[in-house]
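Here is the file model.txt (compact mmCIF, C-alpha atoms (C1' of nucleotides)).
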# COMPACT_ATOMS: atom_id res chain seq x y z
CA MET A 1 21.91 10.40 -11.92
CA ASN A 2 23.26 7.51 -9.92
CA ARG A 3 22.18 4.09 -11.18
CA ARG A 4 21.01 3.23 -7.70
CA GLU A 5 18.80 6.31 -7.69
CA GLN A 6 17.34 5.30 -11.02
CA ILE A 7 16.42 1.91 -9.63
CA PHE A 8 14.73 3.55 -6.66
CA GLN A 9 12.78 5.91 -8.85
CA THR A 10 11.62 3.16 -11.18
CA SER A 11 10.68 0.95 -8.25
CA ILE A 12 8.71 3.65 -6.49
CA LYS A 13 6.66 4.36 -9.59
CA LEU A 14 5.82 0.69 -9.98
CA MET A 15 5.08 0.22 -6.29
CA LYS A 16 2.72 3.16 -6.35
CA ASN A 17 0.53 1.23 -8.77
CA LYS A 18 0.99 -2.38 -7.73
CA GLY A 19 2.16 -2.13 -4.15
CA TYR A 20 5.44 -3.27 -2.61
CA VAL A 21 4.62 -6.97 -2.51
CA GLY A 22 2.93 -6.85 -5.90
CA THR A 23 6.01 -5.40 -7.56
CA SER A 24 8.62 -8.05 -8.36
CA MET A 25 12.32 -7.58 -8.90
CA ARG A 26 11.67 -8.68 -12.47
CA ASP A 27 9.08 -5.92 -12.85
CA ILE A 28 11.60 -3.37 -11.69
CA ALA A 29 14.34 -4.78 -13.90
CA SER A 30 11.99 -4.80 -16.86
CA GLY A 31 11.15 -1.16 -16.17
CA MET A 32 14.85 -0.40 -16.58
CA SER A 33 15.32 -2.76 -19.54
CA ILE A 34 17.80 -4.95 -17.70
CA GLU A 35 17.68 -8.36 -16.04
CA ALA A 36 16.57 -8.86 -12.45
CA ALA A 37 19.93 -10.21 -11.36
CA SER A 38 21.62 -7.02 -12.51
CA LEU A 39 19.80 -5.04 -9.87
CA TYR A 40 21.93 -6.71 -7.22
CA ASN A 41 25.00 -4.89 -8.42
CA HIS A 42 23.47 -1.75 -6.98
CA ILE A 43 21.23 -2.72 -4.08
CA LYS A 44 21.42 -5.38 -1.42
CA GLY A 45 17.87 -6.57 -1.85
CA LYS A 46 14.28 -5.63 -2.45
CA GLU A 47 13.72 -4.32 1.03
CA ASP A 48 16.47 -1.75 0.56
CA ILE A 49 14.12 0.09 -1.75
CA LEU A 50 11.25 0.29 0.72
CA THR A 51 13.42 1.03 3.73
CA ASP A 52 15.42 3.79 2.08
CA ASN A 53 12.32 5.40 0.67
CA CYS A 54 10.35 5.35 3.89
CA PHE A 55 13.11 6.74 6.08
CA GLU A 56 14.23 9.35 3.61
CA LEU A 57 10.77 10.89 3.80
CA ALA A 58 10.32 10.22 7.50
CA ASN A 59 13.53 12.11 8.19
CA LYS A 60 12.32 15.05 6.15
CA PHE A 61 9.12 15.25 8.15
CA ILE A 62 10.90 14.93 11.48
CA ASP A 63 13.50 17.53 10.52
CA SER A 64 10.76 19.93 9.55
CA LEU A 65 8.98 19.32 12.84
CA ASN A 66 12.08 19.86 14.96
CA THR A 67 12.88 23.12 13.20
CA ILE A 68 9.38 24.37 13.95
CA LEU A 69 9.44 23.28 17.58
CA LYS A 70 12.75 25.01 18.15
CA SER A 71 11.70 28.22 16.42
CA ASP A 72 10.31 31.25 18.24
CA GLU A 73 7.30 31.70 16.01
CA LYS A 74 3.91 32.33 17.57
CA PRO A 75 1.85 29.13 17.99
CA LEU A 76 -0.57 29.91 15.19
CA ASP A 77 2.32 30.70 12.87
CA LYS A 78 3.91 27.42 13.83
CA LEU A 79 0.77 25.66 12.70
CA HIS A 80 0.87 27.44 9.37
CA THR A 81 4.52 26.57 8.93
CA PHE A 82 3.79 22.97 9.83
CA ILE A 83 1.09 22.75 7.19
CA SER A 84 3.25 24.48 4.61
CA ASN A 85 6.25 22.25 5.26
CA HIS A 86 4.16 19.10 5.22
CA VAL A 87 2.52 20.03 1.95
CA ASN A 88 5.82 20.95 0.36
CA ILE A 89 7.44 17.66 1.30
CA LEU A 90 4.50 15.77 -0.16
CA VAL A 91 4.32 17.77 -3.35
CA GLY A 92 8.07 17.57 -3.84
CA ASN A 93 7.97 13.78 -3.64
CA MET A 94 4.61 12.67 -4.99
CA ASP A 95 5.48 9.10 -5.95
CA ALA A 96 7.71 8.49 -2.97
CA ALA A 97 5.05 9.91 -0.68
CA HIS A 98 2.48 7.39 -1.85
CA VAL A 99 4.78 4.47 -1.07
CA PHE A 100 5.76 6.13 2.20
CA LEU A 101 2.13 6.50 3.22
CA TYR A 102 0.75 3.14 2.19
CA GLU A 103 3.54 0.58 2.03
CA TRP A 104 5.46 1.13 5.26
CA LYS A 105 3.64 -1.75 6.89
CA HIS A 106 5.77 -4.12 4.86
CA LEU A 107 8.93 -2.93 6.58
CA SER A 108 10.59 -5.66 8.60
CA GLU A 109 11.99 -5.25 12.09
CA PRO A 110 13.68 -3.25 13.41
CA HIS A 111 12.66 -0.77 10.73
CA TYR A 112 8.96 -1.29 11.32
CA SER A 113 9.12 -0.30 14.98
CA LYS A 114 11.47 2.57 14.26
CA PHE A 115 9.11 3.90 11.62
CA LEU A 116 6.12 3.71 13.94
CA SER A 117 7.97 5.59 16.66
CA MET A 118 8.91 8.33 14.21
CA ARG A 119 5.31 8.61 13.09
CA ASP A 120 4.25 8.88 16.71
CA GLU A 121 6.86 11.56 17.33
CA TYR A 122 5.49 13.53 14.41
CA GLU A 123 1.91 13.25 15.62
CA GLN A 124 2.91 14.27 19.13
CA GLY A 125 4.69 17.26 17.65
CA LEU A 126 1.58 18.44 15.87
CA ARG A 127 -0.35 17.86 19.06
CA ARG A 128 2.12 20.09 20.90
CA ILE A 129 1.70 22.83 18.31
CA LEU A 130 -2.08 22.65 18.55
CA LYS A 131 -2.00 22.72 22.34
CA ASP A 132 0.24 25.76 22.44
CA ASP A 133 -2.20 27.65 20.27
CA GLU A 134 -4.43 29.34 22.81
CA SER A 135 -7.14 30.12 20.29
CA ASN A 136 -8.28 26.53 20.55
CA ASN A 137 -7.12 25.41 23.96
CA ASN A 138 -10.57 24.21 24.82
CA PHE A 139 -10.14 20.82 23.21
CA GLU A 140 -11.08 17.85 25.26
CA ASN A 141 -8.14 15.58 25.73
CA SER A 142 -9.74 12.67 23.90
CA SER A 143 -10.26 14.88 20.88
CA TYR A 144 -6.62 15.58 20.19
CA LYS A 145 -5.86 12.21 18.66
CA MET A 146 -8.83 12.74 16.40
CA VAL A 147 -7.87 16.26 15.40
CA VAL A 148 -4.25 15.36 14.75
CA ILE A 149 -5.15 12.44 12.54
CA SER A 150 -7.87 14.38 10.75
CA VAL A 151 -5.46 17.14 9.91
CA LEU A 152 -2.73 14.78 8.76
CA SER A 153 -5.17 12.73 6.71
CA SER A 154 -6.48 15.78 4.91
CA LEU A 155 -2.95 16.92 4.17
CA ASN A 156 -1.78 13.50 3.08
CA ALA A 157 -4.75 13.24 0.73
CA ILE A 158 -3.01 15.79 -1.47
CA GLU A 159 -1.02 12.95 -2.88
CA GLN A 160 -4.22 11.47 -4.34
CA TRP A 161 -5.30 14.35 -6.51
CA TYR A 162 -2.73 17.13 -6.75
CA LYS A 163 -1.04 17.66 -10.10
CA PRO A 164 2.23 19.59 -9.62
CA ASP A 165 1.99 20.87 -13.18
CA GLY A 166 -1.68 21.88 -12.86
CA GLU A 167 -3.15 25.31 -12.32
CA ILE A 168 -3.00 25.28 -8.54
CA LYS A 169 0.31 26.56 -7.20
CA VAL A 170 1.77 25.11 -4.03
CA GLU A 171 1.45 28.33 -2.02
CA GLU A 172 -2.20 28.55 -3.01
CA LEU A 173 -2.65 24.95 -2.00
CA CYS A 174 -1.20 25.62 1.46
CA ASN A 175 -3.42 28.64 1.95
CA ILE A 176 -6.64 26.89 1.00
CA LEU A 177 -5.82 23.83 3.08
CA SER A 178 -4.97 25.98 6.09
CA LYS A 179 -8.30 27.72 5.78
CA ILE A 180 -10.25 24.50 5.38
CA LEU A 181 -8.59 22.91 8.38
CA ILE A 182 -8.58 25.89 10.71
CA ASN A 183 -11.82 27.62 9.77
CA GLY A 184 -13.76 24.71 8.35
CA ILE A 185 -15.30 24.17 4.96
CA LYS A 186 -18.10 26.64 5.61
CA GLU A 187 -15.64 29.56 5.66
CA LEU A 188 -13.80 28.85 2.49
CA MET B 1 -22.33 -18.18 10.30
CA ASN B 2 -21.78 -19.36 6.77
CA ARG B 3 -18.42 -21.05 6.18
CA ARG B 4 -17.88 -18.72 3.26
CA GLU B 5 -18.44 -15.74 5.52
CA GLN B 6 -15.93 -17.14 7.99
CA ILE B 7 -13.34 -17.36 5.25
CA PHE B 8 -14.02 -13.78 4.25
CA GLN B 9 -13.72 -12.55 7.80
CA THR B 10 -10.48 -14.42 8.42
CA SER B 11 -9.06 -13.20 5.13
CA ILE B 12 -9.96 -9.58 5.73
CA LYS B 13 -8.26 -9.60 9.12
CA LEU B 14 -5.08 -11.01 7.61
CA MET B 15 -5.19 -8.67 4.64
CA LYS B 16 -5.54 -5.70 6.92
CA ASN B 17 -2.12 -6.50 8.34
CA LYS B 18 -0.25 -7.96 5.39
CA GLY B 19 -2.13 -6.61 2.39
CA TYR B 20 -3.99 -8.52 -0.30
CA VAL B 21 -0.93 -9.67 -2.22
CA GLY B 22 1.00 -10.39 0.97
CA THR B 23 -1.70 -12.71 2.26
CA SER B 24 -1.50 -16.19 0.76
CA MET B 25 -4.24 -18.76 0.48
CA ARG B 26 -2.19 -20.87 2.88
CA ASP B 27 -2.15 -18.01 5.37
CA ILE B 28 -5.92 -17.84 5.20
CA ALA B 29 -6.32 -21.59 5.46
CA SER B 30 -3.95 -21.68 8.40
CA GLY B 31 -6.01 -18.98 10.08
CA MET B 32 -8.99 -21.32 9.86
CA SER B 33 -6.99 -24.43 10.75
CA ILE B 34 -7.67 -26.13 7.44
CA GLU B 35 -5.68 -26.76 4.28
CA ALA B 36 -5.46 -24.24 1.46
CA ALA B 37 -7.12 -26.54 -1.03
CA SER B 38 -10.19 -26.80 1.20
CA LEU B 39 -10.92 -23.11 0.69
CA TYR B 40 -11.90 -23.89 -2.88
CA ASN B 41 -14.98 -25.76 -1.70
CA HIS B 42 -16.39 -22.40 -0.71
CA ILE B 43 -14.89 -19.74 -2.95
CA LYS B 44 -13.87 -19.66 -6.58
CA GLY B 45 -10.50 -18.06 -5.97
CA LYS B 46 -8.51 -15.52 -4.06
CA GLU B 47 -9.88 -12.58 -5.94
CA ASP B 48 -13.41 -13.46 -4.86
CA ILE B 49 -12.45 -12.29 -1.40
CA LEU B 50 -11.23 -8.89 -2.49
CA THR B 51 -13.99 -8.32 -5.01
CA ASP B 52 -16.84 -9.27 -2.71
CA ASN B 53 -15.42 -7.19 0.12
CA CYS B 54 -14.85 -4.08 -1.94
CA PHE B 55 -18.25 -4.07 -3.61
CA GLU B 56 -20.19 -4.96 -0.50
CA LEU B 57 -18.90 -1.78 1.09
CA ALA B 58 -19.06 0.28 -2.08
CA ASN B 59 -22.73 -0.61 -2.40
CA LYS B 60 -23.41 0.45 1.17
CA PHE B 61 -21.84 3.84 0.52
CA ILE B 62 -23.70 4.33 -2.76
CA ASP B 63 -27.01 3.25 -1.23
CA SER B 64 -26.51 5.72 1.59
CA LEU B 65 -25.72 8.48 -0.88
CA ASN B 66 -28.77 7.82 -3.06
CA THR B 67 -31.08 7.82 -0.07
CA ILE B 68 -29.74 11.22 0.96
CA LEU B 69 -29.95 12.68 -2.54
CA LYS B 70 -33.57 11.58 -2.88
CA SER B 71 -34.59 12.85 0.54
CA ASP B 72 -36.18 16.24 1.16
CA GLU B 73 -33.84 17.24 3.94
CA LYS B 74 -32.35 20.70 3.95
CA PRO B 75 -28.86 20.83 2.37
CA LEU B 76 -27.01 21.27 5.64
CA ASP B 77 -28.94 18.39 7.17
CA LYS B 78 -28.04 16.30 4.17
CA LEU B 79 -24.39 16.98 4.90
CA HIS B 80 -24.83 15.90 8.48
CA THR B 81 -26.62 12.74 7.41
CA PHE B 82 -23.89 12.05 4.88
CA ILE B 83 -21.21 12.29 7.54
CA SER B 84 -23.21 10.22 9.98
CA ASN B 85 -23.92 7.47 7.45
CA HIS B 86 -20.32 7.38 6.27
CA VAL B 87 -18.99 7.12 9.81
CA ASN B 88 -21.47 4.42 10.70
CA ILE B 89 -20.60 2.28 7.70
CA LEU B 90 -16.91 2.57 8.58
CA VAL B 91 -17.34 1.86 12.26
CA GLY B 92 -19.65 -1.05 11.56
CA ASN B 93 -17.05 -2.66 9.31
CA MET B 94 -13.64 -1.67 10.63
CA ASP B 95 -11.57 -4.50 9.18
CA ALA B 96 -13.45 -4.63 5.91
CA ALA B 97 -13.16 -0.86 5.59
CA HIS B 98 -9.38 -0.99 5.77
CA VAL B 99 -9.17 -3.50 2.93
CA PHE B 100 -11.80 -1.54 1.01
CA LEU B 101 -9.82 1.67 1.36
CA TYR B 102 -6.32 0.43 0.67
CA GLU B 103 -6.46 -2.79 -1.35
CA TRP B 104 -8.99 -2.01 -4.08
CA LYS B 105 -6.17 -1.24 -6.51
CA HIS B 106 -5.51 -4.96 -6.78
CA LEU B 107 -8.93 -5.57 -8.30
CA SER B 108 -8.72 -6.86 -11.85
CA GLU B 109 -10.82 -5.66 -14.73
CA PRO B 110 -13.68 -5.11 -15.11
CA HIS B 111 -13.99 -4.74 -11.35
CA TYR B 112 -11.25 -2.15 -11.13
CA SER B 113 -12.98 0.27 -13.51
CA LYS B 114 -16.38 -0.37 -11.97
CA PHE B 115 -14.98 0.39 -8.53
CA LEU B 116 -13.40 3.63 -9.69
CA SER B 117 -16.62 4.78 -11.27
CA MET B 118 -18.53 4.08 -8.07
CA ARG B 119 -15.97 6.03 -6.09
CA ASP B 120 -16.34 8.89 -8.52
CA GLU B 121 -20.11 8.74 -8.20
CA TYR B 122 -19.79 8.99 -4.44
CA GLU B 123 -17.44 11.95 -4.62
CA GLN B 124 -19.74 13.72 -7.08
CA GLY B 125 -22.62 13.08 -4.71
CA LEU B 126 -20.83 14.77 -1.84
CA ARG B 127 -19.94 17.60 -4.17
CA ARG B 128 -23.63 18.00 -5.05
CA ILE B 129 -24.55 18.12 -1.36
CA LEU B 130 -21.89 20.75 -0.67
CA LYS B 131 -22.95 22.85 -3.65
CA ASP B 132 -26.61 22.82 -2.60
CA ASP B 133 -25.66 24.16 0.80
CA GLU B 134 -25.96 27.89 0.31
CA SER B 135 -23.97 28.70 3.43
CA ASN B 136 -20.80 27.91 1.53
CA ASN B 137 -21.72 28.50 -2.09
CA ASN B 138 -18.76 30.77 -2.55
CA PHE B 139 -16.31 27.97 -3.29
CA GLU B 140 -14.16 28.35 -6.29
CA ASN B 141 -14.76 25.54 -8.70
CA SER B 142 -11.22 24.22 -8.46
CA SER B 143 -11.58 23.95 -4.71
CA TYR B 144 -14.39 21.41 -4.71
CA LYS B 145 -12.22 18.45 -5.56
CA MET B 146 -9.95 19.46 -2.70
CA VAL B 147 -12.75 19.90 -0.21
CA VAL B 148 -14.47 16.66 -1.15
CA ILE B 149 -11.29 14.65 -0.79
CA SER B 150 -10.27 16.42 2.40
CA VAL B 151 -13.61 15.62 3.98
CA LEU B 152 -13.58 12.01 2.86
CA SER B 153 -9.97 11.54 3.97
CA SER B 154 -10.69 12.87 7.43
CA LEU B 155 -13.69 10.60 7.72
CA ASN B 156 -11.87 7.56 6.38
CA ALA B 157 -9.07 8.14 8.84
CA ILE B 158 -11.43 6.95 11.56
CA GLU B 159 -10.49 3.46 10.58
CA GLN B 160 -6.91 4.14 11.74
CA TRP B 161 -7.60 5.04 15.33
CA TYR B 162 -11.19 4.47 16.39
CA LYS B 163 -11.85 1.70 18.90
CA PRO B 164 -15.53 0.68 18.76
CA ASP B 165 -15.31 -0.55 22.35
CA GLY B 166 -13.57 2.60 23.61
CA GLU B 167 -15.04 5.53 25.45
CA ILE B 168 -16.12 7.52 22.42
CA LYS B 169 -19.59 6.61 21.21
CA VAL B 170 -20.41 6.69 17.53
CA GLU B 171 -22.90 9.57 17.82
CA GLU B 172 -20.30 11.60 19.66
CA LEU B 173 -17.79 10.75 16.97
CA CYS B 174 -20.14 12.01 14.25
CA ASN B 175 -20.80 15.24 16.11
CA ILE B 176 -17.16 16.05 16.72
CA LEU B 177 -16.17 15.22 13.16
CA SER B 178 -19.00 17.33 11.77
CA LYS B 179 -17.82 20.26 13.85
CA ILE B 180 -14.19 19.83 12.89
CA LEU B 181 -15.00 19.64 9.21
CA ILE B 182 -17.65 22.33 9.02
CA ASN B 183 -16.37 24.83 11.57
CA GLY B 184 -12.68 23.99 11.57
CA ILE B 185 -10.40 22.88 14.34
CA LYS B 186 -10.33 26.32 15.94
CA GLU B 187 -14.02 26.06 16.88
CA LEU B 188 -13.99 22.66 18.51
C1' DG C 1 -27.51 -41.10 -1.02
C1' DT C 2 -26.71 -36.73 -1.86
C1' DA C 3 -24.47 -32.59 0.03
C1' DT C 4 -20.99 -30.53 2.72
C1' DA C 5 -16.45 -30.01 3.98
C1' DA C 6 -12.28 -31.69 4.74
C1' DC C 7 -7.98 -34.14 3.08
C1' DT C 8 -3.32 -35.51 0.28
C1' DA C 9 -0.68 -34.79 -3.66
C1' DA C 10 0.75 -32.36 -7.16
C1' DC C 11 1.01 -28.75 -10.95
C1' DA C 12 3.23 -24.90 -13.44
C1' DA C 13 4.48 -20.38 -12.66
C1' DA C 14 6.54 -16.72 -10.20
C1' DC C 15 9.28 -15.28 -6.39
C1' DG C 16 13.93 -13.16 -4.30
C1' DT C 17 18.42 -14.16 -4.64
C1' DT C 18 23.24 -16.17 -5.68
C1' DA C 19 27.15 -17.66 -8.51
C1' DG C 20 29.96 -17.09 -12.08
C1' DT C 21 31.13 -14.60 -16.22
C1' DA C 22 31.54 -11.06 -19.95
C1' DT C 23 32.23 -6.20 -21.49
C1' DG C 24 33.42 -1.68 -21.70
C1' DT C 25 35.61 2.31 -19.64
C1' DA C 26 38.56 4.79 -16.38
C1' DA C 27 42.74 4.76 -13.52
C1' DT C 28 47.27 3.23 -12.60
C1' DT C 29 51.54 1.64 -13.78
C1' DG C 30 55.95 0.29 -16.47
C1' DC D 1 52.44 5.55 -25.05
C1' DA D 2 51.21 0.97 -24.15
C1' DA D 3 50.03 -2.48 -20.79
C1' DT D 4 47.56 -3.68 -16.77
C1' DT D 5 44.59 -3.28 -13.19
C1' DA D 6 40.20 -1.98 -11.26
C1' DC D 7 35.52 -0.85 -11.41
C1' DA D 8 30.86 -0.47 -13.03
C1' DT D 9 27.40 -2.74 -15.24
C1' DA D 10 25.35 -6.09 -17.49
C1' DC D 11 24.53 -11.07 -18.60
C1' DT D 12 22.99 -16.40 -18.32
C1' DA D 13 21.78 -20.05 -15.50
C1' DA D 14 20.15 -21.78 -11.71
C1' DC D 15 18.78 -22.38 -6.61
C1' DG D 16 15.16 -23.35 -3.26
C1' DT D 17 10.62 -21.40 -1.86
C1' DT D 18 6.26 -19.92 -2.23
C1' DT D 19 2.40 -18.93 -5.05
C1' DG D 20 -2.73 -19.92 -6.63
C1' DT D 21 -5.03 -23.64 -8.09
C1' DT D 22 -6.71 -28.45 -9.67
C1' DA D 23 -7.67 -33.40 -9.29
C1' DG D 24 -9.12 -37.01 -6.89
C1' DT D 25 -10.44 -39.02 -2.47
C1' DT D 26 -12.50 -39.57 2.16
C1' DA D 27 -15.40 -38.79 6.21
C1' DT D 28 -19.53 -36.99 8.37
C1' DA D 29 -24.45 -35.51 8.40
C1' DC D 30 -29.28 -35.05 7.13

Starting from the coordinates I provided, produce the structure as C-alpha cells.
Amino acid sequence: MNRREQIFQTSIKLMKNKGYVGTSMRDIASGMSIEAASLYNHIKGKEDILTDNCFELANKFIDSLNTILKSDEKPLDKLHTFISNHVNILVGNMDAAHVFLYEWKHLSEPHYSKFLSMRDEYEQGLRRILKDDESNNNFENSSYKMVVISVLSSLNAIEQWYKPDGEIKVEELCNILSKILINGIKEL
Amino acid sequence: MNRREQIFQTSIKLMKNKGYVGTSMRDIASGMSIEAASLYNHIKGKEDILTDNCFELANKFIDSLNTILKSDEKPLDKLHTFISNHVNILVGNMDAAHVFLYEWKHLSEPHYSKFLSMRDEYEQGLRRILKDDESNNNFENSSYKMVVISVLSSLNAIEQWYKPDGEIKVEELCNILSKILINGIKEL
DNA sequence: GTATAACTAACAAACGTTAGTATGTAATTG
DNA sequence: CAATTACATACTAACGTTTGTTAGTTATAC
C-alpha cells in the first residue's frame, strides 16, 4: 500500500476517536512510528487528510445516486437500491464514514461549501426517489425534509453499531433496514 | 441570568459550529466581550462547560425514561410518551443538544464512562418499552439494537433541521415522527 | 468591606509547518 | 560492471502561533 494511503488510514482511525481538531500531526506520526515532520513528504498538510476523505466518500454517494436516477428501475426498486448502495458504502468504509459524517464541518472554503452542496444534491435525489414512488405520494410537502433526514439518519447510524465481522450479513442488514424504514418498526 | 449560565450559552453556540476542541477559551471570551482570564472567575476550566452540558441533558433524558418506566401506561402509549419526551427535550435545548450528541467523546474520565453507561441505560430503557409492546413482539433478538438505534437516530436528527420558530409545531412534529417510525414512511 | 467581575501579564506546553540533511534503494549512465 | 544520479523516506531542529490556565491587581456595588 502507498505510504500516503497508510497515513490516511492511520489518521482516520485516530480522528474517529479524538476528532479532526483533537488529532495532532504528532499523534498521526506517532501512530506510524515516525516523526511529525516526515508526514510532509507525503501530504501537503493536515487538511489534505480531511478533504480527501470527505470527498472520496461524497463522490461514492453521488455516483451511486446518479446511477439510480438514470436507471429504468421502478420507483420502489430505486428506493431499495438506494438503501442498499448507501449501506454498502458505509459498511465498506466504516472508519472513513465516521469522519465523513461528523468532521466535515472542519473543512475550509471552498471545500466546505462544495461539500454542503453535494450533501444537498444527495438529499434532493432521495426526495426525488420518494416522490416518484406512488405508494406514498400523499406526503405533505413540509414532511419530505423530515422523511429524507430520518431515513438518512437511520442508515448512517449503522456506523455506530455494525460490526462487519459479526453475525449480521450486509444483505440481511439492508433487508431489515428497508423493512423498518418502509413498513415501520411494528411490522418487523 | 447567571453570568455562569451566560458563559455556558455562549460556549455551546460556538461549540456547535466549531466543536469542543476547536473552540478556544479566547473564542468564548471574545463572544462575551471579555478577556479569557476573566472566565475563570466563574468556571473552573474548559471541561466544566462540556461536562455540565452533557450531564444536564443526560439527566433530563434519564429522568424522562424513569418516569415512563414507572408509569402504568399501556406499552404503546409508553412508546408515544417516550418519543414525545425525547423530542421535547431536544427541541427545548437545540444548541445544547448538538453538543450533547456530538461532543461527548471529548469528556475525560470518569465522566466519559459515566456518560456511556447513562446512554446505555437509556437505550436499554427504550428496548424494554419496545419489548413490552406486544404488537411487535416478534423481533429477532439481534434486531433490537438496530431498531433502538434507528429510532433514536431519527429522533436525534431533529436537531439538524428543525426550526422552533418555523411552521411545524412540536406536537405535530411528535405525531409525524411517531407515524414514520411506527408505521413506516409508506403510511405517512 | 466584602463580594463580584473585570483586567494585564505571563507561563509552559502543544500546535502545524518549514528548512536542511541523512540514508537507503532503484534507475540511468559511462 | 561500476559510477552516478534520482527518488523515497526518514531525521533533527526550529519557527511563530495558539492553547488552557495562573497570579496578581483594579474597579464597582451592596

Rows by chain and residue number, chain B within 10 Å of chain C, shortest pair, only C-alpha atoms (C1' of nucleotides), as a Markdown table:
| residue | atom | partner | partner_atom | distance |
| --- | --- | --- | --- | --- |
| B:Arg3 | CA | C:DA5 | C1' | 9.4 |
| B:Ile34 | CA | C:DA6 | C1' | 7.7 |
| B:Glu35 | CA | C:DC7 | C1' | 7.8 |
| B:Ala37 | CA | C:DC7 | C1' | 8.7 |
| B:Ser38 | CA | C:DA6 | C1' | 6.4 |
| B:Leu39 | CA | C:DA5 | C1' | 9.4 |
| B:Asn41 | CA | C:DA5 | C1' | 7.2 |
| B:His42 | CA | C:DA5 | C1' | 8.9 |

Contact residues around Glu167 in chain B with all atoms listed in the file at 12 Å, ignoring same-chain residues under 6 positions, as a list in words |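 Surrounding residues, per the criterion: Ser142 and Ser143 of chain A; Leu173 of chain B.
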
Output as a ChimeraX atom specification the set of chain B residues within 6 Å of chain A, with distances taken over only C-alpha atoms.
-> /B:136,150,153-154,181-186

Centre, edges in Å (one decimal): axis-aligned box, range 52-61 of chain A, 4 Å padding on all six sides, as AutoDock Vina command-line options:
--center_x 12.3 --center_y 9.5 --center_z 4.4 --size_x 14.3 --size_y 19.5 --size_z 15.5

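Proximity to chain B at a cut-off of 9 Å picks out DT19, DG20, DT21 and DT22 of chain D on chain D, counting all atoms listed in the file.
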
Looking at all atoms listed in the file, which of A:Leu69, A:Ile28, A:Ile83, A:Met15 is the one that sits closest to Leu50 in chain A?
->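 Distance minimum relative to Leu50 in chain A lands on A:Met15.
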
One decimal, Å: what's the distance from CA of His80 in chain B over to CA of Cys54 in chain B, could you say?
->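 Straight-line distance from CA of His80 in chain B to CA of Cys54 in chain B works out to 24.6 Å.
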
Do you know which residues are at most 12 Å from Asp63 in chain A counting only C-alpha atoms (C1' of nucleotides), after dropping those on the same chain fewer than 2 positions away, and could you put them as a VMD selection string?
-> chain A and resid 55 to 61 65 to 70 82 85 to 86 89 118 121 to 122 125

Distance in Å - C1' of DT28 in chain D versus CA of Ser11 in chain B |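 So the answer is 26.2 Å.
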